[in-house]
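Here is the file coords.csv (CSV, C-alpha atoms).
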```
chain,number,residue,atom,x,y,z
A,115,MET,CA,16.0,-27.6,-13.9
A,116,THR,CA,18.3,-27.4,-11.0
A,117,THR,CA,21.8,-25.8,-11.1
A,118,HIS,CA,24.6,-27.1,-9.0
A,119,SER,CA,26.5,-24.5,-7.1
A,120,THR,CA,29.4,-25.2,-4.8
A,121,LYS,CA,29.3,-22.8,-1.8
A,122,GLN,CA,32.6,-22.7,0.2
A,123,THR,CA,33.4,-20.8,3.4
A,124,ILE,CA,36.6,-18.9,3.4
A,125,LYS,CA,38.4,-19.3,6.8
A,126,THR,CA,39.8,-16.1,8.2
A,127,SER,CA,41.2,-15.1,11.5
A,128,LEU,CA,38.6,-12.3,11.9
A,129,TYR,CA,36.6,-12.3,15.1
A,130,ALA,CA,34.2,-15.2,15.2
A,131,SER,CA,30.8,-13.5,15.2
A,132,LYS,CA,28.0,-14.8,17.3
A,133,ALA,CA,25.5,-13.9,14.5
A,134,PRO,CA,24.6,-16.5,12.0
A,135,LEU,CA,27.0,-15.5,9.3
A,136,GLU,CA,30.3,-16.3,7.6
A,137,TRP,CA,32.9,-13.5,6.8
A,138,ALA,CA,33.2,-14.7,3.2
A,139,ILE,CA,31.6,-17.3,1.0
A,140,THR,CA,32.6,-18.3,-2.5
A,141,SER,CA,30.4,-19.8,-5.2
A,142,ASN,CA,30.9,-20.1,-9.0
A,143,GLY,CA,34.0,-17.9,-9.1
A,144,THR,CA,32.7,-15.1,-7.0
A,145,LEU,CA,33.6,-14.2,-3.4
A,146,TYR,CA,30.9,-12.5,-1.3
A,147,THR,CA,31.8,-10.6,1.8
A,148,ALA,CA,30.7,-7.8,4.1
A,149,GLN,CA,33.3,-6.1,6.2
A,150,ILE,CA,33.0,-3.9,9.3
A,151,PRO,CA,35.4,-1.9,11.4
A,152,ILE,CA,36.1,-4.4,14.1
A,153,ASP,CA,39.4,-5.6,15.6
A,154,GLU,CA,40.5,-9.1,16.6
A,155,ASN,CA,38.4,-8.9,19.8
A,156,GLY,CA,35.2,-8.0,17.9
A,157,ASP,CA,35.3,-4.4,19.1
A,158,VAL,CA,34.6,-1.5,16.8
A,159,VAL,CA,37.9,0.4,16.5
A,160,ALA,CA,38.5,4.0,17.6
A,161,GLY,CA,39.7,6.8,15.2
A,162,GLY,CA,36.5,8.0,13.8
A,163,ILE,CA,35.6,7.5,10.1
A,164,GLU,CA,39.3,7.3,9.0
A,165,GLY,CA,40.3,4.7,11.6
A,166,GLN,CA,37.1,2.7,10.9
A,167,THR,CA,37.6,2.8,7.1
A,168,ARG,CA,41.2,1.6,7.4
A,169,GLN,CA,40.2,-1.3,9.7
A,170,THR,CA,37.3,-2.3,7.4
A,171,LEU,CA,39.7,-2.3,4.4
A,172,ASP,CA,42.4,-4.1,6.3
A,173,ASN,CA,39.8,-6.8,7.2
A,174,LEU,CA,38.8,-7.0,3.5
A,175,LYS,CA,42.4,-7.3,2.5
A,176,HIS,CA,42.9,-10.1,5.0
A,177,THR,CA,39.8,-11.9,3.8
A,178,LEU,CA,40.9,-11.8,0.2
A,179,GLU,CA,44.3,-13.1,1.1
A,180,CYS,CA,42.6,-16.0,2.9
A,181,ALA,CA,40.9,-16.7,-0.5
A,182,ASN,CA,44.3,-16.5,-2.2
A,183,VAL,CA,43.4,-13.3,-4.2
A,184,GLY,CA,44.3,-9.6,-3.8
A,185,MET,CA,42.6,-6.3,-3.8
A,186,ASP,CA,42.8,-6.3,-7.6
A,187,SER,CA,40.2,-9.1,-7.7
A,188,VAL,CA,37.5,-6.9,-6.3
A,189,LEU,CA,34.7,-6.4,-8.8
A,190,GLN,CA,32.2,-4.3,-6.9
A,191,VAL,CA,32.0,-2.5,-3.6
A,192,MET,CA,28.9,-1.1,-1.9
A,193,ILE,CA,29.9,1.5,0.7
A,194,TYR,CA,27.5,2.3,3.6
A,195,VAL,CA,28.2,5.3,5.7
A,196,THR,CA,26.1,7.0,8.4
A,197,ASP,CA,26.9,10.6,7.3
A,198,ARG,CA,27.4,12.0,3.8
A,199,ASP,CA,30.4,14.1,5.1
A,200,TYR,CA,32.3,10.8,5.7
A,201,LEU,CA,32.5,10.0,2.0
A,202,LYS,CA,35.4,12.4,1.4
A,203,THR,CA,37.5,10.6,4.0
A,204,VAL,CA,36.3,7.1,2.9
A,205,ASN,CA,37.4,8.0,-0.7
A,206,GLN,CA,40.8,9.2,0.4
A,207,VAL,CA,41.5,6.0,2.4
A,208,TYR,CA,39.9,3.8,-0.3
A,209,ALA,CA,42.3,5.2,-2.9
A,210,GLU,CA,45.2,3.9,-0.8
A,211,TYR,CA,43.9,0.3,-1.1
A,212,PHE,CA,42.8,0.2,-4.8
A,213,GLU,CA,44.4,1.0,-8.1
A,214,ALA,CA,42.9,1.7,-11.5
A,215,PRO,CA,41.0,0.1,-13.0
A,216,TYR,CA,38.9,0.5,-9.8
A,217,PRO,CA,36.1,-1.8,-8.8
A,218,ASN,CA,32.5,-0.7,-9.7
A,219,ARG,CA,31.0,0.9,-6.7
A,220,ALA,CA,28.0,2.5,-5.0
A,221,ALA,CA,27.9,4.6,-1.9
A,222,LEU,CA,24.8,4.8,0.3
A,223,VAL,CA,24.2,7.2,3.2
A,224,ILE,CA,22.0,5.3,5.8
A,225,ALA,CA,20.5,6.0,9.2
A,226,GLY,CA,22.5,3.5,11.0
A,227,LEU,CA,24.4,0.2,11.0
A,228,ALA,CA,24.0,-3.0,13.1
A,229,ARG,CA,26.2,-1.6,15.9
A,230,GLU,CA,25.4,2.0,16.9
A,231,GLU,CA,29.1,3.0,17.0
A,232,MET,CA,29.8,1.8,13.4
A,233,LEU,CA,30.2,4.6,10.8
A,234,VAL,CA,31.0,2.4,7.8
A,235,GLU,CA,30.4,-1.0,6.3
A,236,LEU,CA,31.5,-2.5,2.9
A,237,VAL,CA,29.7,-5.2,0.9
A,238,VAL,CA,32.2,-6.6,-1.6
A,239,TYR,CA,32.1,-9.0,-4.6
A,240,ALA,CA,35.4,-10.4,-5.9
A,241,ALA,CA,36.5,-12.8,-8.6
A,242,VAL,CA,38.2,-16.0,-7.3
A,243,PRO,CA,39.8,-18.9,-9.2
```
Please lay out the structure from this file as structure tokens.
Amino acid sequence: MTTHSTKQTIKTSLYASKAPLEWAITSNGTLYTAQIPIDENGDVVAGGIEGQTRQTLDNLKHTLECANVGMDSVLQVMIYVTDRDYLKTVNQVYAEYFEAPYPNRAALVIAGLAREEMLVELVVYAAVP
């Protein structure tokens, strides 16, 4: 038995990556995205963990808006940071972008991300109409 799934790319104005990826895909009522702290030129932003977290969440907000949904549609967030001490700052900034009921979430401390200067990355699942 095969199931039919419609996969749709969400068009954003985020930097066009040279890697084989889309910034967001929807299928069967769910948006799948991973967000990193890059600006419109594809450069990792300055400002340490706070600046990078804000840029990552701004990129997420933009992506959701391109899918015609808001931050309240987010179901689950997986936070990746390169230092456990960053989680306090990430939580403070995160609380500015989300309201209760908050998305389900997990936080992982990892050795490194795709770009050496990146301190945070988010993998996000959201409900879409």
Nearest residue to Gly162 in chain A out of A:Leu233, A:Val188, A:Ala240, A:Ile224, using all atoms listed in the file?
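The closest residue to Gly162 in chain A is A:Leu233.
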Shortest interatomic distance to Ala181 in chain A - which of A:Thr126, A:Asn218, A:Gln166, A:Asn155, counting all atoms listed in the file:
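With all atoms listed in the file as the atom set, the closest residue is A:Thr126.
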Close residues, Ala225 in chain A itself excluded, 9 Å, only C-alpha atoms, min 5 positions apart in chain, as an NGL selection string
:A and (195-197)
Closest of A:Pro151, A:Ser127, A:Asp186, A:Tyr216 to Ile163 in chain A - atom-to-atom distances counting only C-alpha atoms
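Once distances to Ile163 in chain A are computed over only C-alpha atoms, the minimum belongs to A:Pro151.
Atom to atom, CA of Met192 in chain A and CA of Pro217 in chain A stand 10.0 Å apart.
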So what do you get for CA of Ala138 in chain A versus CA of Glu213 in chain A, distance-wise?
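If I compute the distance from CA of Ala138 in chain A to CA of Glu213 in chain A, I get 22.4 Å.
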For Ile152 in chain A, which residue among A:Asp172, A:Glu210, A:Glu179, A:Glu164 is the nearest when counting only C-alpha atoms?
A:Asp172
Atom-to-atom span, CA of Thr170 in chain A and CA of Pro243 in chain A, Å
23.6 Å
Please work out which residues fall within 10 Å of (32.9, -18.7, -9.5), coordinates as given in the file, with all atoms listed in the file counting, and return them as an mmCIF file with C-alpha atoms, keeping the file's coordinate frame.
```cif
data_model
loop_
_atom_site.group_PDB
_atom_site.id
_atom_site.type_symbol
_atom_site.label_atom_id
_atom_site.label_comp_id
_atom_site.auth_asym_id
_atom_site.auth_seq_id
_atom_site.Cartn_x
_atom_site.Cartn_y
_atom_site.Cartn_z
ATOM 1 C CA SER A 119 26.500 -24.500 -7.100
ATOM 2 C CA THR A 120 29.400 -25.200 -4.800
ATOM 3 C CA LYS A 121 29.300 -22.800 -1.800
ATOM 4 C CA THR A 140 32.600 -18.300 -2.500
ATOM 5 C CA SER A 141 30.400 -19.800 -5.200
ATOM 6 C CA ASN A 142 30.900 -20.100 -9.000
ATOM 7 C CA GLY A 143 34.000 -17.900 -9.100
ATOM 8 C CA THR A 144 32.700 -15.100 -7.000
ATOM 9 C CA LEU A 145 33.600 -14.200 -3.400
ATOM 10 C CA ALA A 240 35.400 -10.400 -5.900
ATOM 11 C CA ALA A 241 36.500 -12.800 -8.600
ATOM 12 C CA VAL A 242 38.200 -16.000 -7.300
ATOM 13 C CA PRO A 243 39.800 -18.900 -9.200
#
```
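In terms of minimum interatomic distance to Ala214 in chain A, A:Leu189 ranks closest within A:Leu189, A:Leu178, A:Ala130, A:Ala160, counting all atoms listed in the file.
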Local residues around (28.3, 9.8, 3.5), at most 9 Å away, using all atoms listed in the file, as a CSV table (one decimal) with C-alpha atoms, keeping the file's coordinate frame:
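This is the output file part.csv:
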```csv
chain,number,residue,atom,x,y,z
A,193,ILE,CA,29.9,1.5,0.7
A,194,TYR,CA,27.5,2.3,3.6
A,195,VAL,CA,28.2,5.3,5.7
A,196,THR,CA,26.1,7.0,8.4
A,197,ASP,CA,26.9,10.6,7.3
A,198,ARG,CA,27.4,12.0,3.8
A,199,ASP,CA,30.4,14.1,5.1
A,200,TYR,CA,32.3,10.8,5.7
A,201,LEU,CA,32.5,10.0,2.0
A,202,LYS,CA,35.4,12.4,1.4
A,204,VAL,CA,36.3,7.1,2.9
A,221,ALA,CA,27.9,4.6,-1.9
A,222,LEU,CA,24.8,4.8,0.3
A,223,VAL,CA,24.2,7.2,3.2
A,224,ILE,CA,22.0,5.3,5.8
A,234,VAL,CA,31.0,2.4,7.8
```
Spatial neighbours of Gln149 in chain A, max dist 10 Å, all atoms listed in the file, sep filter under 4 positions, as number ranges by chain:
A: 128, 137-138, 167, 169-175, 177, 193, 234-238
Using only C-alpha atoms, the residue out of A:Met185, A:Cys180, A:Ala148, A:Met232 with shortest distance to Gly161 in chain A is A:Met232
